[in-house]
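This is coords.pdb (PDB, C-alpha atoms).
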ATOM      1  CA  MET A  94      26.846  72.961 -15.104
ATOM      2  CA  GLN A  95      29.529  75.602 -15.563
ATOM      3  CA  ALA A  96      28.768  79.057 -14.191
ATOM      4  CA  ALA A  97      28.203  81.858 -16.706
ATOM      5  CA  ALA A  98      31.268  83.951 -17.420
ATOM      6  CA  SER A  99      31.397  87.379 -15.845
ATOM      7  CA  PRO A 100      33.987  90.122 -16.369
ATOM      8  CA  PRO A 101      36.112  91.675 -13.650
ATOM      9  CA  PRO A 102      34.376  94.772 -12.210
ATOM     10  CA  VAL A 103      36.469  97.423 -13.957
ATOM     11  CA  LEU A 104      33.533  99.274 -15.507
ATOM     12  CA  ALA A 105      30.455 100.887 -14.029
ATOM     13  CA  ASP A 106      26.941  99.488 -14.329
ATOM     14  CA  ARG A 107      25.058 100.717 -17.393
ATOM     15  CA  SER A 108      22.911 102.997 -15.228
ATOM     16  CA  ASP A 109      26.044 104.687 -13.843
ATOM     17  CA  CYS A 110      27.648 105.348 -17.230
ATOM     18  CA  CYS A 111      27.857 108.738 -18.878
ATOM     19  CA  TYR A 112      25.591 108.492 -21.932
ATOM     20  CA  THR A 113      24.394 110.853 -24.651
ATOM     21  CA  SER A 114      22.378 109.472 -27.561
ATOM     22  CA  CYS A 115      24.191 109.601 -30.941
ATOM     23  CA  TYR A 116      27.554 110.469 -29.373
ATOM     24  CA  CYS A 117      28.922 106.926 -29.127
ATOM     25  CA  GLU A 118      32.546 108.010 -29.619
ATOM     26  CA  GLU A 119      32.312 110.233 -26.537
ATOM     27  CA  ASN A 120      30.332 107.673 -24.539
ATOM     28  CA  VAL A 121      33.147 105.168 -25.051
ATOM     29  CA  TRP A 122      35.798 107.820 -24.277
ATOM     30  CA  LYS A 123      33.985 108.368 -20.969
ATOM     31  CA  LEU A 124      33.945 104.599 -20.341
ATOM     32  CA  CYS A 125      37.717 104.524 -20.868
ATOM     33  CA  GLU A 126      38.088 107.485 -18.522
ATOM     34  CA  SER A 127      36.025 105.611 -15.931
ATOM     35  CA  VAL A 128      38.341 102.599 -16.172
ATOM     36  CA  ARG A 129      41.375 104.865 -15.755
ATOM     37  CA  GLU A 130      39.858 106.348 -12.602
ATOM     38  CA  ARG A 131      38.849 102.979 -11.153
ATOM     39  CA  ASP A 132      41.914 100.909 -12.029
ATOM     40  CA  PRO A 133      44.557 102.418 -14.353
ATOM     41  CA  ARG A 134      46.254  99.029 -14.769
ATOM     42  CA  ALA A 135      43.084  97.651 -16.349
ATOM     43  CA  LEU A 136      43.489 100.040 -19.281
ATOM     44  CA  GLN A 137      45.967  97.519 -20.708
ATOM     45  CA  GLU A 138      43.004  95.177 -21.317
ATOM     46  CA  ILE A 139      40.612  97.793 -22.746
ATOM     47  CA  TYR A 140      40.173  98.765 -26.403
ATOM     48  CA  THR A 141      37.994 101.245 -28.260
ATOM     49  CA  VAL A 142      36.487  99.801 -31.441
ATOM     50  CA  PHE A 143      35.223 102.017 -34.287
ATOM     51  CA  ILE A 144      32.992 100.216 -36.789
ATOM     52  CA  SER A 145      32.482 101.753 -40.234
ATOM     53  CA  ASN A 146      33.364 101.311 -43.927
ATOM     54  CA  HIS A 147      34.168 103.338 -47.036
ATOM     55  CA  SER A 148      30.447 103.943 -47.667
ATOM     56  CA  LYS A 149      29.768 104.979 -44.062
ATOM     57  CA  MET A 150      26.783 102.617 -44.053
ATOM     58  CA  ILE A 151      27.010  99.764 -41.579
ATOM     59  CA  PRO A 152      24.222  97.496 -40.300
ATOM     60  CA  ILE A 153      24.159  96.620 -36.611
ATOM     61  CA  TRP A 154      21.425  94.515 -35.055
ATOM     62  CA  LYS A 155      20.043  94.588 -31.502
ATOM     63  CA  GLN A 156      20.210  98.378 -31.199
ATOM     64  CA  LYS A 157      17.874 100.216 -28.843
ATOM     65  CA  CYS A 158      16.698 102.582 -31.583
ATOM     66  CA  GLY A 159      15.786  99.681 -33.876
ATOM     67  CA  ASP A 160      12.581  97.696 -34.229
ATOM     68  CA  GLY A 161      14.105  94.521 -32.795
ATOM     69  CA  LYS A 162      14.102  92.668 -36.107
ATOM     70  CA  ASP A 163      15.946  94.722 -38.712
ATOM     71  CA  PRO A 164      19.399  96.269 -38.312
ATOM     72  CA  VAL A 165      20.039  99.939 -37.701
ATOM     73  CA  ILE A 166      22.189 101.505 -40.417
ATOM     74  CA  TRP A 167      24.818 103.756 -38.848
ATOM     75  CA  ASP A 168      27.510 105.813 -40.577
ATOM     76  CA  TYR A 169      29.761 104.533 -37.797
ATOM     77  CA  HIS A 170      29.428 103.058 -34.339
ATOM     78  CA  VAL A 171      31.800 102.806 -31.391
ATOM     79  CA  ILE A 172      31.981 100.106 -28.738
ATOM     80  CA  LEU A 173      34.405  99.096 -25.999
ATOM     81  CA  LEU A 174      36.195  95.751 -25.882
ATOM     82  CA  HIS A 175      37.521  94.246 -22.642
ATOM     83  CA  ASP A 176      40.130  91.607 -23.494
ATOM     84  CA  CYS A 177      40.502  90.053 -20.037
ATOM     85  CA  SER A 178      43.745  88.519 -18.862
ATOM     86  CA  ASP A 179      41.940  85.224 -18.157
ATOM     87  CA  GLY A 180      40.965  84.850 -21.822
ATOM     88  CA  GLN A 181      37.401  86.112 -21.583
ATOM     89  CA  ARG A 182      36.312  88.980 -23.839
ATOM     90  CA  PHE A 183      33.378  91.328 -23.392
ATOM     91  CA  ILE A 184      31.762  94.123 -25.404
ATOM     92  CA  TYR A 185      30.324  97.232 -23.785
ATOM     93  CA  ASP A 186      27.773  98.939 -26.061
ATOM     94  CA  LEU A 187      25.535 101.544 -24.452
ATOM     95  CA  ASP A 188      23.201 101.459 -27.481
ATOM     96  CA  THR A 189      22.468  97.730 -27.531
ATOM     97  CA  VAL A 190      19.578  95.742 -26.084
ATOM     98  CA  LEU A 191      22.037  92.894 -25.450
ATOM     99  CA  PRO A 192      23.531  92.473 -21.950
ATOM    100  CA  PHE A 193      25.962  95.095 -20.644
ATOM    101  CA  PRO A 194      28.612  93.823 -20.832
ATOM    102  CA  CYS A 195      28.010  91.190 -23.496
ATOM    103  CA  PRO A 196      30.324  88.245 -24.209
ATOM    104  CA  CYS A 197      32.225  89.119 -27.369
ATOM    105  CA  ASP A 198      31.125  85.966 -29.211
ATOM    106  CA  THR A 199      27.476  86.738 -28.432
ATOM    107  CA  TYR A 200      27.831  90.334 -29.613
ATOM    108  CA  ILE A 201      29.466  89.237 -32.860
ATOM    109  CA  LYS A 202      26.753  86.637 -33.467
ATOM    110  CA  GLU A 203      23.750  88.766 -32.485
ATOM    111  CA  ALA A 204      24.744  92.367 -33.276
ATOM    112  CA  LEU A 205      27.354  92.143 -36.040
ATOM    113  CA  ARG A 206      26.409  88.789 -37.570
ATOM    114  CA  SER A 207      28.238  88.009 -40.826
ATOM    115  CA  ASP A 208      29.364  89.996 -43.848
ATOM    116  CA  ASP A 209      28.787  86.977 -46.090
ATOM    117  CA  LEU A 210      25.070  87.638 -46.552
ATOM    118  CA  ILE A 211      25.063  91.424 -47.037
ATOM    119  CA  HIS A 212      25.793  93.728 -49.969
ATOM    120  CA  LYS A 213      29.428  94.676 -50.441
ATOM    121  CA  ASP A 214      28.689  98.346 -49.678
ATOM    122  CA  PHE A 215      27.601  97.363 -46.158
ATOM    123  CA  LYS A 216      30.539  95.131 -45.232
ATOM    124  CA  ARG A 217      32.044  96.294 -41.947
ATOM    125  CA  LYS A 218      35.590  97.113 -40.896
ATOM    126  CA  LEU A 219      36.744  97.704 -37.337
ATOM    127  CA  ARG A 220      39.475 100.011 -36.065
ATOM    128  CA  VAL A 221      40.774  98.743 -32.704
ATOM    129  CA  ILE A 222      42.640 101.247 -30.524
ATOM    130  CA  ARG A 223      44.133 100.763 -27.075
ATOM    131  CA  ALA A 224      42.123 102.679 -24.475
ATOM    132  CA  ASP A 225      45.109 104.614 -23.146
ATOM    133  CA  GLU A 226      45.965 105.754 -26.677
ATOM    134  CA  TYR A 227      42.351 106.736 -27.326
ATOM    135  CA  LEU A 228      42.229 108.827 -24.159
ATOM    136  CA  LYS A 229      45.390 110.665 -25.187
ATOM    137  CA  THR A 230      44.637 111.249 -28.866
ATOM    138  CA  PHE A 231      40.892 111.555 -29.527
ATOM    139  CA  ALA A 232      39.366 115.006 -30.016
ATOM    140  CA  SER A 233      35.958 116.234 -31.170
ATOM    141  CA  ASP A 234      34.481 119.712 -31.424
ATOM    142  CA  ARG A 235      31.101 118.095 -32.278
ATOM    143  CA  SER A 236      30.838 120.056 -35.533
ATOM    144  CA  HIS A 237      29.709 116.888 -37.322
ATOM    145  CA  MET A 238      26.514 117.040 -35.243
ATOM    146  CA  LYS A 239      25.453 120.461 -36.545
ATOM    147  CA  ASP A 240      23.365 121.095 -39.654
ATOM    148  CA  ALA A 241      23.826 123.754 -42.334
ATOM    149  CA  SER A 242      22.096 126.298 -40.062
ATOM    150  CA  ASN A 243      24.551 125.533 -37.236
ATOM    151  CA  GLN A 244      21.800 123.861 -35.219
ATOM    152  CA  TRP A 245      22.328 120.637 -33.289
ATOM    153  CA  ARG A 246      21.016 117.528 -35.012
ATOM    154  CA  LYS A 247      21.004 115.887 -31.584
ATOM    155  CA  PRO A 248      21.569 117.591 -28.207
ATOM    156  CA  PRO A 249      25.268 117.457 -27.225
ATOM    157  CA  PRO A 250      26.696 116.063 -23.975
ATOM    158  CA  PRO A 251      26.641 118.443 -20.994
ATOM    159  CA  TYR A 252      30.409 118.396 -20.449
ATOM    160  CA  PRO A 253      33.021 120.366 -22.481
ATOM    161  CA  CYS A 254      34.275 119.071 -25.825
ATOM    162  CA  ILE A 255      37.087 116.527 -25.647
ATOM    163  CA  LYS A 256      40.344 117.895 -27.049
ATOM    164  CA  THR A 257      44.088 117.372 -26.888
ATOM    165  CA  SER A 258      47.010 119.780 -26.992
ATOM    166  CA  GLU A 259      47.449 118.914 -30.690
ATOM    167  CA  SER A 260      43.851 118.817 -31.903
ATOM    168  CA  SER A 261      40.281 119.916 -31.285
ATOM    169  CA  MET A 262      38.788 117.693 -34.005
ATOM    170  CA  ASN A 263      40.216 114.442 -35.406
ATOM    171  CA  LEU A 264      37.143 112.200 -35.374
ATOM    172  CA  ASP A 265      37.465 111.459 -39.096
ATOM    173  CA  GLU A 266      40.834 109.781 -38.495
ATOM    174  CA  PHE A 267      39.151 107.271 -36.190
ATOM    175  CA  ILE A 268      36.135 106.696 -38.440
ATOM    176  CA  SER A 269      38.376 106.133 -41.457
ATOM    177  CA  MET A 270      39.021 102.496 -42.211
ATOM    178  CA  ASP A 271      42.178 103.268 -44.166
ATOM    179  CA  PRO A 272      44.894 101.392 -42.240
ATOM    180  CA  ARG A 273      47.501 103.897 -43.454
ATOM    181  CA  VAL A 274      46.043 106.709 -41.334
ATOM    182  CA  GLY A 275      44.934 107.149 -37.766
ATOM    183  CA  HIS A 276      45.513 105.102 -34.654
ATOM    184  CA  GLY A 277      45.214 101.409 -33.842
ATOM    185  CA  SER A 278      44.732  98.498 -36.238
ATOM    186  CA  VAL A 279      42.030  98.019 -38.876
ATOM    187  CA  TYR A 280      40.371  94.608 -39.246
ATOM    188  CA  THR A 281      37.791  93.117 -41.551
ATOM    189  CA  LEU A 282      34.895  91.649 -39.591
ATOM    190  CA  GLU A 283      36.221  88.164 -40.405
ATOM    191  CA  ALA A 284      39.682  89.053 -39.124
ATOM    192  CA  PHE A 285      38.256  90.717 -36.008
ATOM    193  CA  THR A 286      36.202  87.599 -35.274
ATOM    194  CA  GLY A 287      39.284  85.456 -35.728
ATOM    195  CA  ARG A 288      41.319  87.654 -33.375
ATOM    196  CA  PHE A 289      38.799  88.402 -30.638
ATOM    197  CA  GLY A 290      36.033  85.818 -31.056
ATOM    198  CA  SER A 291      35.870  82.323 -29.613
ATOM    199  CA  ALA A 292      37.776  83.233 -26.431
ATOM    200  CA  VAL A 293      39.088  80.372 -24.348
TER     201      VAL A 293
END

Starting from the coordinates I provided, produce the structure as structure tokens.
Amino acid sequence: MQAAASPPPVLADRSDCCYTSCYCEENVWKLCESVRERDPRALQEIYTVFISNHSKMIPIWKQKCGDGKDPVIWDYHVILLHDCSDGQRFIYDLDTVLPFPCPCDTYIKEALRSDDLIHKDFKRKLRVIRADEYLKTFASDRSHMKDASNQWRKPPPPYPCIKTSESSMNLDEFISMDPRVGHGSVYTLEAFTGRFGSAV
């Protein structure tokens, strides 16, 4: 019997990761930062993946805040993809009940499933950005997490806001699934599965 695939140790254990509930874009930024600190060369194999659509309503199964049976409907979600040099691919999702990391094929099958059986307004798209580019370009002042009274909807991370020399807030560019704007490449779920699923 063939041994189960396991990724190279370029990322911390789940318990060692920086995590704040409902701030997935920053959690993944911190994962990328961790890779850069551990092994900068490995950044060439790491991608940030934003999942959303024009309706900002996307179903994802196997989420910790779900009931275990039905999907959670997010406006967007962010995960990390490790496209290993040996052909293996793994997903790191700090909000899933699936393994951490999870083989990409398993994550697609269990968490994303298929767009064929869901309403058109829920069909997912995925923006895939190289980790080094994400670290250099992403910025968020967390204003999207405040209500009309300027109160936090969810408590923010304890560290300062992530910003660049050019921007303090460009989250919408990453959430947008318009391929004409923003960074990286935008895929349909079918195209993403064709590109990153069924690794050798």

Proximity check range 110-178 of chain A to range 253-274 of chain A, 8 Å, nearest pairs one decimal Å, only C-alpha atoms, as CSV:
residue,atom,partner,partner_atom,distance
A:Glu119,CA,A:Ile255,CA,8.0
A:Phe143,CA,A:Ile268,CA,6.3
A:Ile144,CA,A:Ile268,CA,7.4
A:Ser145,CA,A:Ile268,CA,6.4
A:Asn146,CA,A:Met270,CA,6.0
A:His147,CA,A:Met270,CA,6.9
A:Tyr169,CA,A:Ile268,CA,6.8

Where does the PyMOL selection byres ((chain A and resi 204-208) around 10) land in this file, that is, which residues does it pick, as a count of residues only? 31

Once 8 Å is added on each side, what are the centre and the three edge lengths, in Å to one decimal, of the axis-aligned box enclosing the listed atoms of range 230-241 of chain A? Present them as lines of an AutoDock Vina configuration file.
center_x = 34.0
center_y = 117.5
center_z = -35.6
size_x = 37.3
size_y = 28.5
size_z = 29.5

Using the chain letters and numbers from this file, what does the PyMOL selection byres ((chain A and resi 222) around 9) select? Give the answer as a list in words. Ile139, Tyr140, Thr141, Val142, Phe143, Arg220, Val221, Arg223, Ala224, Asp225, Glu226, Tyr227, Phe267, His276, Gly277, Ser278 and Val279 of chain A

Please dump the current selection as a PDB file, keeping the file's coordinate frame; keep C-alpha atoms.
ATOM      1  CA  ILE A 139      40.612  97.793 -22.746  1.00  0.00           C
ATOM      2  CA  TYR A 140      40.173  98.765 -26.403  1.00  0.00           C
ATOM      3  CA  THR A 141      37.994 101.245 -28.260  1.00  0.00           C
ATOM      4  CA  VAL A 142      36.487  99.801 -31.441  1.00  0.00           C
ATOM      5  CA  PHE A 143      35.223 102.017 -34.287  1.00  0.00           C
ATOM      6  CA  ARG A 220      39.475 100.011 -36.065  1.00  0.00           C
ATOM      7  CA  VAL A 221      40.774  98.743 -32.704  1.00  0.00           C
ATOM      8  CA  ARG A 223      44.133 100.763 -27.075  1.00  0.00           C
ATOM      9  CA  ALA A 224      42.123 102.679 -24.475  1.00  0.00           C
ATOM     10  CA  ASP A 225      45.109 104.614 -23.146  1.00  0.00           C
ATOM     11  CA  GLU A 226      45.965 105.754 -26.677  1.00  0.00           C
ATOM     12  CA  TYR A 227      42.351 106.736 -27.326  1.00  0.00           C
ATOM     13  CA  PHE A 267      39.151 107.271 -36.190  1.00  0.00           C
ATOM     14  CA  HIS A 276      45.513 105.102 -34.654  1.00  0.00           C
ATOM     15  CA  GLY A 277      45.214 101.409 -33.842  1.00  0.00           C
ATOM     16  CA  SER A 278      44.732  98.498 -36.238  1.00  0.00           C
ATOM     17  CA  VAL A 279      42.030  98.019 -38.876  1.00  0.00           C
TER      18      VAL A 279
END

Residue with smallest distance to Thr113 in chain A - pool A:Arg235, A:Lys247, A:Arg134, A:His175, counting all atoms listed in the file: A:Lys247

Applied to the shown file, which residues does the PyMOL selection byres ((chain A and resi 138) around 6) return, written as a PyMOL selection string? chain A and resi 135-137+139+175-177

Could you write out the selected residues, including C-alpha atoms, as a short mmCIF file (atom, residue, chain, number, x, y, z; two decimals), in the coordinates of the input?
data_model
loop_
_atom_site.label_atom_id
_atom_site.label_comp_id
_atom_site.auth_asym_id
_atom_site.auth_seq_id
_atom_site.Cartn_x
_atom_site.Cartn_y
_atom_site.Cartn_z
CA ALA A 135 43.08 97.65 -16.35
CA LEU A 136 43.49 100.04 -19.28
CA GLN A 137 45.97 97.52 -20.71
CA ILE A 139 40.61 97.79 -22.75
CA HIS A 175 37.52 94.25 -22.64
CA ASP A 176 40.13 91.61 -23.49
CA CYS A 177 40.50 90.05 -20.04
#

Which distance in Å separates CA of Pro196 in chain A and CA of Asp168 in chain A, to one decimal?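 Pair CA of Pro196 in chain A / CA of Asp168 in chain A returns 24.2 Å.
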
Two-atom distance - CA of Gln244 in chain A, CA of Gly275 in chain A (Å):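 About the pair CA of Gln244 in chain A and CA of Gly275 in chain A: they are 28.7 Å apart.
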
Pick out the closest residue to Ser127 in chain A from this set: A:Pro251, A:Cys115, A:Ile166, A:Cys110. Count only C-alpha atoms.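 The answer is A:Cys110, which sits nearest to Ser127 in chain A.
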
May I ask for the distance between CA of Leu174 in chain A and CA of Cys197 in chain A, given in Å to one decimal place?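 So the two atoms, CA of Leu174 in chain A and CA of Cys197 in chain A, lie 7.9 Å apart.
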
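The neighbours of Val103 in chain A here are the residues that come within 8 Å of it, using only C-alpha atoms and leaving out any residue fewer than 2 positions away in the same chain; they are Pro101, Ala105, Val128, Arg131, Asp132 and Ala135 of chain A.
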
Spatial neighbours of Ser236 in chain A, 9 Å, all atoms listed in the file, chain gap at least 3 places, as a ChimeraX atom specification: /A:233,239-240,243,245,262

Select, from A:Ser148, A:Pro249, A:Pro133, A:Asp234, the residue with the minimum atom-to-atom distance to Asn120 in chain A, counting only C-alpha atoms.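 Closest to Asn120 in chain A of all the choices is A:Pro249.
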
Selected residue of minimal separation from Trp167 in chain A among A:Phe289, A:Tyr252, A:Phe183, A:Tyr116, counting only C-alpha atoms: A:Tyr116

Final N, CA and C atoms of range 115-133 of chain A as a CSV table (one decimal), keeping the file's coordinate frame:
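Ended up saving to out_22.csv:
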chain,number,residue,atom,x,y,z
A,115,CYS,N,23.6,109.2,-29.7
A,115,CYS,CA,24.2,109.6,-30.9
A,115,CYS,C,25.6,110.2,-30.8
A,116,TYR,N,26.2,110.1,-29.6
A,116,TYR,CA,27.6,110.5,-29.4
A,116,TYR,C,28.4,109.3,-28.9
A,117,CYS,N,28.3,108.2,-29.6
A,117,CYS,CA,28.9,106.9,-29.1
A,117,CYS,C,30.4,107.1,-28.9
A,118,GLU,N,31.1,107.9,-29.8
A,118,GLU,CA,32.5,108.0,-29.6
A,118,GLU,C,32.9,108.7,-28.3
A,119,GLU,N,32.1,109.6,-27.8
A,119,GLU,CA,32.3,110.2,-26.5
A,119,GLU,C,31.9,109.3,-25.4
A,120,ASN,N,30.8,108.6,-25.6
A,120,ASN,CA,30.3,107.7,-24.5
A,120,ASN,C,31.4,106.7,-24.2
A,121,VAL,N,32.1,106.1,-25.3
A,121,VAL,CA,33.1,105.2,-25.1
A,121,VAL,C,34.4,105.8,-24.5
A,122,TRP,N,34.7,107.1,-24.9
A,122,TRP,CA,35.8,107.8,-24.3
A,122,TRP,C,35.6,108.0,-22.8
A,123,LYS,N,34.3,108.2,-22.4
A,123,LYS,CA,34.0,108.4,-21.0
A,123,LYS,C,34.1,107.0,-20.2
A,124,LEU,N,33.8,105.9,-20.9
A,124,LEU,CA,33.9,104.6,-20.3
A,124,LEU,C,35.4,104.3,-20.1
A,125,CYS,N,36.3,104.7,-21.1
A,125,CYS,CA,37.7,104.5,-20.9
A,125,CYS,C,38.2,105.4,-19.7
A,126,GLU,N,37.7,106.6,-19.6
A,126,GLU,CA,38.1,107.5,-18.5
A,126,GLU,C,37.7,106.9,-17.2
A,127,SER,N,36.5,106.3,-17.2
A,127,SER,CA,36.0,105.6,-15.9
A,127,SER,C,36.9,104.5,-15.5
A,128,VAL,N,37.4,103.7,-16.5
A,128,VAL,CA,38.3,102.6,-16.2
A,128,VAL,C,39.6,103.2,-15.6
A,129,ARG,N,40.1,104.2,-16.2
A,129,ARG,CA,41.4,104.9,-15.8
A,129,ARG,C,41.2,105.3,-14.3
A,130,GLU,N,40.1,105.9,-14.0
A,130,GLU,CA,39.9,106.3,-12.6
A,130,GLU,C,39.7,105.2,-11.6
A,131,ARG,N,39.1,104.1,-12.0
A,131,ARG,CA,38.8,103.0,-11.2
A,131,ARG,C,40.1,102.1,-11.0
A,132,ASP,N,40.8,101.8,-12.1
A,132,ASP,CA,41.9,100.9,-12.0
A,132,ASP,C,42.8,101.1,-13.3
A,133,PRO,N,43.7,102.1,-13.2
A,133,PRO,CA,44.6,102.4,-14.4
A,133,PRO,C,45.2,101.2,-15.0
